[in-house]
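*Asks:* What follows is a single structure, and I will ask about it in a moment.
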Amino acid sequence: MPSWAASAGASLQVVWATFLRDMITAASYRVGLLLSVGGSLVTIFVVFFLGRAFGGVAAPDLERYGGSYFGFAVVGVALSNLMALGLTGMSSRIREGQVMGTLELMLLSPNRLWLLFVSSSLWAHAQALVTVVLFVVAGVALGADFGDANVGMTLLSLALAVLAFNAFGLFSAAVVIVIKQGNPVALLMSAASVLLAGVFYPVSVLPDWLRIAGQLLPLTQALEVVRRAALGGEGIDTLWPRLLALVVLTSVLMPVGLWCSGKAVEIARTDGSLSQY
């Protein structure tokens, strides 16, 4: 067997073993899973009633997204949940490893750092994708119209968005490794994205200088592409500039995030704080 095939097989074994471990752990805490699902349903109903109360006011700014505030907000909330998971998925597992004393053992394994980080948050991503499906199903049941969706473009943009969010997640993990408690990267990015990316309102209502700042956020580009593909049925011919912007952001952020996380582990090993919490 070629060495690359053996390496790929070993990596897949690590990913599957980690995923299976986290799935079994989550299944043993069924109440937490039920509360998560319940919270998602409550959010959907909140958005639904907001749409009934204020949707008509925002209608002129929503024409390119199908004209429905409810559909607009359902996509916004679903992607913001994915972003929150990308920002905190890896860092929360790092923090858990610090508190339980398993982080040092995990990082001393012969596996590559990026593989350990990605596999540690894989189950959380699976849960987040199930939550997105739940949002869509509940949204359709309450009247959101995805009948004209360009499914291929929607799935492609979702995949790119997840990569971009996890690039920032690597920054969060690096900060947690060094400072232990607190996650300022996740806090600042979440606040900036909710304010500037257009989760609950179109970015067209923002002042020009805030709108320009918002274009640097992956969530802004992801929301624009997913909404226009899922609600308006648009394809690559009109969405390629936004898709390209998302690709460029991901291409820049991912290697920088990998470098920062590797540097953070190196610093923690040097000063002996890797096992501290």
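Simple scheme: letters A, B, ... for chains in structure tokens order, numbers from 1 for residues in each chain, numbers from 1 for ligands in the order shown.
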Within 12 Å of Leu244 (chain A), counting only C-alpha atoms, which residues show up once you throw out same-chain ones fewer than 4 positions away? Write them as a PDB file with N, CA and C atoms, in the first residue's frame, please.
*Replies:*
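What follows is the written file selection.pdb:
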ATOM      1  N   LEU A 156     -23.061  24.334  -2.042  1.00  0.00           N
ATOM      2  CA  LEU A 156     -21.684  24.766  -2.254  1.00  0.00           C
ATOM      3  C   LEU A 156     -21.332  25.943  -1.357  1.00  0.00           C
ATOM      4  N   SER A 157     -22.219  26.921  -1.298  1.00  0.00           N
ATOM      5  CA  SER A 157     -21.946  28.103  -0.479  1.00  0.00           C
ATOM      6  C   SER A 157     -21.957  27.754   1.004  1.00  0.00           C
ATOM      7  N   LEU A 160     -18.519  26.215   1.778  1.00  0.00           N
ATOM      8  CA  LEU A 160     -17.493  27.256   1.866  1.00  0.00           C
ATOM      9  C   LEU A 160     -17.648  28.072   3.147  1.00  0.00           C
ATOM     10  N   ALA A 161     -18.900  28.330   3.525  1.00  0.00           N
ATOM     11  CA  ALA A 161     -19.140  29.099   4.740  1.00  0.00           C
ATOM     12  C   ALA A 161     -18.615  28.358   5.971  1.00  0.00           C
ATOM     13  N   PRO A 218     -16.882  36.774   6.761  1.00  0.00           N
ATOM     14  CA  PRO A 218     -17.362  35.643   5.957  1.00  0.00           C
ATOM     15  C   PRO A 218     -18.871  35.456   6.018  1.00  0.00           C
ATOM     16  N   GLN A 221     -20.825  37.514   3.316  1.00  0.00           N
ATOM     17  CA  GLN A 221     -20.788  36.928   1.973  1.00  0.00           C
ATOM     18  C   GLN A 221     -21.617  35.644   1.912  1.00  0.00           C
ATOM     19  N   ALA A 222     -21.505  34.822   2.958  1.00  0.00           N
ATOM     20  CA  ALA A 222     -22.235  33.553   2.977  1.00  0.00           C
ATOM     21  C   ALA A 222     -23.741  33.785   2.982  1.00  0.00           C
ATOM     22  N   VAL A 225     -24.999  34.911  -0.529  1.00  0.00           N
ATOM     23  CA  VAL A 225     -25.039  33.828  -1.522  1.00  0.00           C
ATOM     24  C   VAL A 225     -26.138  32.830  -1.191  1.00  0.00           C
ATOM     25  N   ILE A 236     -24.606  30.522 -10.404  1.00  0.00           N
ATOM     26  CA  ILE A 236     -23.227  30.983 -10.465  1.00  0.00           C
ATOM     27  C   ILE A 236     -23.068  32.217 -11.342  1.00  0.00           C
ATOM     28  N   ASP A 237     -23.943  32.394 -12.328  1.00  0.00           N
ATOM     29  CA  ASP A 237     -23.815  33.521 -13.247  1.00  0.00           C
ATOM     30  C   ASP A 237     -23.974  34.870 -12.563  1.00  0.00           C
ATOM     31  N   THR A 238     -24.800  34.935 -11.514  1.00  0.00           N
ATOM     32  CA  THR A 238     -24.982  36.199 -10.799  1.00  0.00           C
ATOM     33  C   THR A 238     -24.302  36.217  -9.435  1.00  0.00           C
ATOM     34  N   LEU A 239     -24.016  35.054  -8.885  1.00  0.00           N
ATOM     35  CA  LEU A 239     -23.474  34.986  -7.526  1.00  0.00           C
ATOM     36  C   LEU A 239     -21.962  34.814  -7.467  1.00  0.00           C
ATOM     37  N   TRP A 240     -21.305  34.681  -8.643  1.00  0.00           N
ATOM     38  CA  TRP A 240     -19.870  34.382  -8.616  1.00  0.00           C
ATOM     39  C   TRP A 240     -19.029  35.445  -7.899  1.00  0.00           C
ATOM     40  N   VAL A 248     -11.867  33.690  -1.370  1.00  0.00           N
ATOM     41  CA  VAL A 248     -10.661  34.460  -1.045  1.00  0.00           C
ATOM     42  C   VAL A 248     -10.510  34.612   0.470  1.00  0.00           C
ATOM     43  N   LEU A 249     -11.591  34.956   1.147  1.00  0.00           N
ATOM     44  CA  LEU A 249     -11.536  35.096   2.599  1.00  0.00           C
ATOM     45  C   LEU A 249     -11.097  33.785   3.262  1.00  0.00           C
ATOM     46  N   THR A 250     -11.671  32.670   2.801  1.00  0.00           N
ATOM     47  CA  THR A 250     -11.324  31.368   3.371  1.00  0.00           C
ATOM     48  C   THR A 250      -9.874  31.008   3.080  1.00  0.00           C
ATOM     49  N   SER A 251      -9.433  31.298   1.852  1.00  0.00           N
ATOM     50  CA  SER A 251      -8.061  30.969   1.457  1.00  0.00           C
ATOM     51  C   SER A 251      -7.030  31.741   2.263  1.00  0.00           C
TER      52      SER A 251
END
*Asks:* May I ask which of the residues A:Leu187, A:Val130, A:Ile24, A:Ala144 is the closest one to Ile44 (chain A), counting only C-alpha atoms?
*Replies:*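 Checking each candidate against Ile44 (chain A), we get A:Ala144 as the closest.
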*Asks:* What gap, in Å, lies between CA of Met153 (chain A) and CA of Val74 (chain A)?
*Replies:*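 Calculated distance between CA of Met153 (chain A) and CA of Val74 (chain A) is 17.7 Å.
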*Asks:* Taking only C-alpha atoms into account, which of A:Gly232, A:Gly198, A:Gly89, A:Gly143 comes nearest Ala167 (chain A)?
*Replies:*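 Among the listed residues, A:Gly89 lies closest to Ala167 (chain A).
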*Asks:* One decimal, Å: what's the distance from CA of Arg64 (chain A) over to CA of Thr220 (chain A), could you say?
*Replies:*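 Computing the Euclidean distance for CA of Arg64 (chain A) and CA of Thr220 (chain A) yields 15.3 Å.
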*Asks:* So the first atom is CA of Ala192 (chain A) and the second is CA of Leu87 (chain A); what is the distance between them in Å, to one decimal place?
*Replies:*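 That distance, rounded to one decimal, is 12.7 Å.
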*Asks:* Can you list, as a ChimeraX atom specification, every protein, DNA or RNA residue that comes within 12 Å of Pro202 (chain A) when you count only C-alpha atoms, leaving out same-chain residues fewer than 3 positions away?
*Replies:* /A:55,58-65,67-69,72-73,76,194-199,205-207,211,214,220,223-224,227
*Asks:* Go ahead and dump the residues you just picked, N, CA and C atoms, as an mmCIF file, in the first residue's frame.
*Replies:*
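Output below, filename part.cif:
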data_model
loop_
_atom_site.group_PDB
_atom_site.id
_atom_site.type_symbol
_atom_site.label_atom_id
_atom_site.label_comp_id
_atom_site.auth_asym_id
_atom_site.auth_seq_id
_atom_site.Cartn_x
_atom_site.Cartn_y
_atom_site.Cartn_z
ATOM 1 N N GLY A 55 -42.539 42.393 9.026
ATOM 2 C CA GLY A 55 -42.113 41.971 7.694
ATOM 3 C C GLY A 55 -42.517 42.929 6.590
ATOM 4 N N ALA A 58 -40.071 45.888 6.012
ATOM 5 C CA ALA A 58 -38.791 45.589 5.372
ATOM 6 C C ALA A 58 -38.932 45.071 3.946
ATOM 7 N N ALA A 59 -40.151 44.880 3.470
ATOM 8 C CA ALA A 59 -40.384 44.249 2.164
ATOM 9 C C ALA A 59 -39.602 44.870 1.011
ATOM 10 N N PRO A 60 -39.501 46.206 0.886
ATOM 11 C CA PRO A 60 -38.743 46.775 -0.247
ATOM 12 C C PRO A 60 -37.281 46.358 -0.282
ATOM 13 N N ASP A 61 -36.685 46.107 0.873
ATOM 14 C CA ASP A 61 -35.274 45.705 0.923
ATOM 15 C C ASP A 61 -35.079 44.205 0.766
ATOM 16 N N LEU A 62 -36.170 43.469 0.666
ATOM 17 C CA LEU A 62 -36.087 42.010 0.636
ATOM 18 C C LEU A 62 -36.458 41.411 -0.712
ATOM 19 N N GLU A 63 -36.653 42.242 -1.721
ATOM 20 C CA GLU A 63 -37.130 41.738 -3.011
ATOM 21 C C GLU A 63 -36.184 40.728 -3.632
ATOM 22 N N ARG A 64 -34.887 40.958 -3.552
ATOM 23 C CA ARG A 64 -33.933 40.024 -4.159
ATOM 24 C C ARG A 64 -33.848 38.712 -3.387
ATOM 25 N N TYR A 65 -34.430 38.682 -2.170
ATOM 26 C CA TYR A 65 -34.422 37.457 -1.366
ATOM 27 C C TYR A 65 -35.800 36.798 -1.305
ATOM 28 N N GLY A 67 -38.685 38.414 -1.040
ATOM 29 C CA GLY A 67 -39.692 39.325 -0.494
ATOM 30 C C GLY A 67 -40.253 38.957 0.861
ATOM 31 N N SER A 68 -39.849 37.814 1.427
ATOM 32 C CA SER A 68 -40.394 37.367 2.711
ATOM 33 C C SER A 68 -39.378 37.575 3.820
ATOM 34 N N TYR A 69 -39.771 38.325 4.849
ATOM 35 C CA TYR A 69 -38.857 38.523 5.976
ATOM 36 C C TYR A 69 -38.620 37.214 6.720
ATOM 37 N N PHE A 72 -36.066 35.179 4.945
ATOM 38 C CA PHE A 72 -34.813 35.911 5.086
ATOM 39 C C PHE A 72 -34.189 35.652 6.458
ATOM 40 N N ALA A 73 -35.003 35.754 7.516
ATOM 41 C CA ALA A 73 -34.495 35.598 8.872
ATOM 42 C C ALA A 73 -34.184 34.147 9.212
ATOM 43 N N GLY A 76 -30.819 33.547 7.981
ATOM 44 C CA GLY A 76 -29.877 34.294 8.805
ATOM 45 C C GLY A 76 -29.584 33.600 10.125
ATOM 46 N N VAL A 194 -23.316 39.599 13.994
ATOM 47 C CA VAL A 194 -24.742 39.860 14.221
ATOM 48 C C VAL A 194 -25.078 41.299 13.853
ATOM 49 N N LEU A 195 -24.164 42.223 14.140
ATOM 50 C CA LEU A 195 -24.409 43.638 13.852
ATOM 51 C C LEU A 195 -24.266 43.971 12.372
ATOM 52 N N LEU A 196 -23.233 43.427 11.715
ATOM 53 C CA LEU A 196 -22.851 43.907 10.381
ATOM 54 C C LEU A 196 -23.178 42.970 9.220
ATOM 55 N N ALA A 197 -23.421 41.681 9.512
ATOM 56 C CA ALA A 197 -23.559 40.714 8.420
ATOM 57 C C ALA A 197 -24.976 40.609 7.878
ATOM 58 N N GLY A 198 -25.955 41.183 8.590
ATOM 59 C CA GLY A 198 -27.319 41.109 8.097
ATOM 60 C C GLY A 198 -28.044 39.845 8.490
ATOM 61 N N VAL A 199 -27.882 39.436 9.735
ATOM 62 C CA VAL A 199 -28.571 38.229 10.204
ATOM 63 C C VAL A 199 -30.070 38.478 10.291
ATOM 64 N N VAL A 205 -29.593 48.577 5.067
ATOM 65 C CA VAL A 205 -30.073 49.578 6.015
ATOM 66 C C VAL A 205 -28.926 50.169 6.838
ATOM 67 N N LEU A 206 -27.733 49.593 6.734
ATOM 68 C CA LEU A 206 -26.591 50.086 7.504
ATOM 69 C C LEU A 206 -25.989 51.335 6.857
ATOM 70 N N PRO A 207 -25.338 52.189 7.643
ATOM 71 C CA PRO A 207 -24.570 53.297 7.051
ATOM 72 C C PRO A 207 -23.465 52.742 6.154
ATOM 73 N N ARG A 211 -21.377 49.183 6.328
ATOM 74 C CA ARG A 211 -21.617 48.200 5.274
ATOM 75 C C ARG A 211 -20.290 47.743 4.660
ATOM 76 N N GLY A 214 -18.561 45.411 7.029
ATOM 77 C CA GLY A 214 -19.227 44.116 7.058
ATOM 78 C C GLY A 214 -18.832 43.195 5.927
ATOM 79 N N THR A 220 -21.189 37.671 6.133
ATOM 80 C CA THR A 220 -21.867 38.595 5.211
ATOM 81 C C THR A 220 -21.949 37.999 3.819
ATOM 82 N N LEU A 223 -24.203 34.723 3.793
ATOM 83 C CA LEU A 223 -25.632 35.003 3.854
ATOM 84 C C LEU A 223 -26.158 35.504 2.516
ATOM 85 N N GLU A 224 -25.396 36.366 1.867
ATOM 86 C CA GLU A 224 -25.841 36.898 0.579
ATOM 87 C C GLU A 224 -25.993 35.784 -0.453
ATOM 88 N N ARG A 227 -28.853 33.107 0.704
ATOM 89 C CA ARG A 227 -30.207 33.659 0.584
ATOM 90 C C ARG A 227 -30.636 33.793 -0.878
#
*Asks:* Within region 106-173 of chain A, find each residue whose DSSP state, derived from the backbone, is alpha helix (DSSP H), and express the selection as a PyMOL selection string.
*Replies:* chain A and resi 106-107+113-120+122-141+151-173
*Asks:* Would you save the residues of that selection, restricted to N, CA and C atoms, as a compact mmCIF listing (two decimals), in the first residue's frame?
*Replies:*
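Once everything was written out, this is selection_17.txt:
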# COMPACT_ATOMS: atom_id res chain seq x y z
N MET A 106 -3.50 14.64 24.22
CA MET A 106 -4.01 14.70 22.87
C MET A 106 -3.00 15.34 21.91
N LEU A 107 -2.37 16.42 22.36
CA LEU A 107 -1.44 17.13 21.49
C LEU A 107 -0.09 16.45 21.38
N LEU A 113 -1.72 18.44 13.92
CA LEU A 113 -2.50 19.33 14.76
C LEU A 113 -3.85 19.65 14.14
N TRP A 114 -3.87 19.97 12.83
CA TRP A 114 -5.13 20.33 12.19
C TRP A 114 -6.12 19.18 12.23
N LEU A 115 -5.61 17.94 12.12
CA LEU A 115 -6.48 16.77 12.14
C LEU A 115 -7.12 16.62 13.52
N LEU A 116 -6.35 16.84 14.57
CA LEU A 116 -6.89 16.75 15.92
C LEU A 116 -7.95 17.81 16.17
N PHE A 117 -7.68 19.03 15.71
CA PHE A 117 -8.64 20.12 15.92
C PHE A 117 -9.94 19.86 15.15
N VAL A 118 -9.81 19.50 13.88
CA VAL A 118 -10.99 19.31 13.05
C VAL A 118 -11.84 18.14 13.56
N SER A 119 -11.18 17.01 13.86
CA SER A 119 -11.93 15.84 14.31
C SER A 119 -12.60 16.08 15.66
N SER A 120 -12.01 16.95 16.49
CA SER A 120 -12.59 17.20 17.81
C SER A 120 -13.92 17.93 17.74
N LEU A 122 -16.03 17.62 14.96
CA LEU A 122 -16.82 17.05 13.86
C LEU A 122 -18.24 16.69 14.30
N TRP A 123 -18.40 16.11 15.47
CA TRP A 123 -19.73 15.76 15.94
C TRP A 123 -20.57 17.01 16.17
N ALA A 124 -19.96 18.05 16.70
CA ALA A 124 -20.69 19.30 16.89
C ALA A 124 -21.16 19.87 15.56
N HIS A 125 -20.34 19.71 14.52
CA HIS A 125 -20.76 20.18 13.19
C HIS A 125 -21.93 19.35 12.66
N ALA A 126 -21.89 18.06 12.93
CA ALA A 126 -23.01 17.20 12.50
C ALA A 126 -24.30 17.64 13.19
N GLN A 127 -24.21 17.95 14.47
CA GLN A 127 -25.38 18.45 15.19
C GLN A 127 -25.86 19.78 14.62
N ALA A 128 -24.91 20.64 14.28
CA ALA A 128 -25.28 21.95 13.74
C ALA A 128 -25.98 21.81 12.39
N LEU A 129 -25.52 20.89 11.56
CA LEU A 129 -26.16 20.68 10.26
C LEU A 129 -27.57 20.12 10.43
N VAL A 130 -27.75 19.26 11.43
CA VAL A 130 -29.10 18.76 11.73
C VAL A 130 -29.99 19.92 12.17
N THR A 131 -29.43 20.83 12.95
CA THR A 131 -30.19 22.00 13.40
C THR A 131 -30.58 22.87 12.21
N VAL A 132 -29.69 23.03 11.23
CA VAL A 132 -30.01 23.80 10.03
C VAL A 132 -31.18 23.16 9.29
N VAL A 133 -31.14 21.83 9.15
CA VAL A 133 -32.25 21.12 8.51
C VAL A 133 -33.54 21.34 9.29
N LEU A 134 -33.45 21.31 10.62
CA LEU A 134 -34.62 21.55 11.45
C LEU A 134 -35.18 22.95 11.22
N PHE A 135 -34.30 23.94 11.12
CA PHE A 135 -34.74 25.30 10.83
C PHE A 135 -35.49 25.36 9.51
N VAL A 136 -34.94 24.72 8.49
CA VAL A 136 -35.56 24.75 7.16
C VAL A 136 -36.92 24.06 7.18
N VAL A 137 -36.98 22.87 7.79
CA VAL A 137 -38.25 22.12 7.83
C VAL A 137 -39.30 22.91 8.61
N ALA A 138 -38.92 23.43 9.78
CA ALA A 138 -39.86 24.21 10.56
C ALA A 138 -40.26 25.49 9.83
N GLY A 139 -39.29 26.10 9.13
CA GLY A 139 -39.59 27.30 8.35
C GLY A 139 -40.59 27.03 7.25
N VAL A 140 -40.40 25.93 6.52
CA VAL A 140 -41.34 25.56 5.46
C VAL A 140 -42.73 25.29 6.04
N ALA A 141 -42.77 24.61 7.19
CA ALA A 141 -44.06 24.32 7.82
C ALA A 141 -44.80 25.60 8.21
N VAL A 151 -30.43 24.30 -5.35
CA VAL A 151 -29.90 23.44 -4.30
C VAL A 151 -28.38 23.30 -4.39
N GLY A 152 -27.86 23.10 -5.60
CA GLY A 152 -26.41 22.93 -5.77
C GLY A 152 -25.63 24.14 -5.30
N MET A 153 -26.07 25.33 -5.68
CA MET A 153 -25.39 26.54 -5.26
C MET A 153 -25.51 26.76 -3.76
N THR A 154 -26.66 26.43 -3.20
CA THR A 154 -26.86 26.58 -1.76
C THR A 154 -25.91 25.68 -0.98
N LEU A 155 -25.79 24.41 -1.41
CA LEU A 155 -24.92 23.47 -0.71
C LEU A 155 -23.45 23.87 -0.85
N LEU A 156 -23.06 24.33 -2.04
CA LEU A 156 -21.68 24.77 -2.25
C LEU A 156 -21.33 25.94 -1.36
N SER A 157 -22.22 26.92 -1.30
CA SER A 157 -21.95 28.10 -0.48
C SER A 157 -21.96 27.75 1.00
N LEU A 158 -22.80 26.80 1.42
CA LEU A 158 -22.80 26.36 2.81
C LEU A 158 -21.47 25.71 3.17
N ALA A 159 -20.95 24.87 2.26
CA ALA A 159 -19.67 24.20 2.52
C ALA A 159 -18.54 25.22 2.66
N LEU A 160 -18.52 26.21 1.78
CA LEU A 160 -17.49 27.26 1.87
C LEU A 160 -17.65 28.07 3.15
N ALA A 161 -18.90 28.33 3.52
CA ALA A 161 -19.14 29.10 4.74
C ALA A 161 -18.61 28.36 5.97
N VAL A 162 -18.86 27.05 6.04
CA VAL A 162 -18.38 26.26 7.17
C VAL A 162 -16.85 26.32 7.26
N LEU A 163 -16.17 26.23 6.11
CA LEU A 163 -14.71 26.34 6.11
C LEU A 163 -14.24 27.70 6.62
N ALA A 164 -14.92 28.76 6.16
CA ALA A 164 -14.54 30.10 6.59
C ALA A 164 -14.76 30.28 8.09
N PHE A 165 -15.88 29.78 8.59
CA PHE A 165 -16.16 29.92 10.02
C PHE A 165 -15.13 29.16 10.86
N ASN A 166 -14.72 27.99 10.38
CA ASN A 166 -13.75 27.20 11.12
C ASN A 166 -12.35 27.81 11.05
N ALA A 167 -12.08 28.60 10.01
CA ALA A 167 -10.80 29.32 9.97
C ALA A 167 -10.71 30.27 11.15
N PHE A 168 -11.81 30.99 11.43
CA PHE A 168 -11.84 31.85 12.62
C PHE A 168 -11.83 31.00 13.88
N GLY A 169 -12.41 29.80 13.80
CA GLY A 169 -12.38 28.90 14.95
C GLY A 169 -10.97 28.52 15.36
N LEU A 170 -10.06 28.43 14.39
CA LEU A 170 -8.66 28.15 14.70
C LEU A 170 -8.03 29.29 15.48
N PHE A 171 -8.40 30.54 15.15
CA PHE A 171 -7.93 31.68 15.94
C PHE A 171 -8.44 31.58 17.37
N SER A 172 -9.71 31.23 17.52
CA SER A 172 -10.29 31.08 18.86
C SER A 172 -9.57 30.01 19.66
N ALA A 173 -9.29 28.87 19.00
CA ALA A 173 -8.59 27.78 19.68
C ALA A 173 -7.20 28.23 20.13
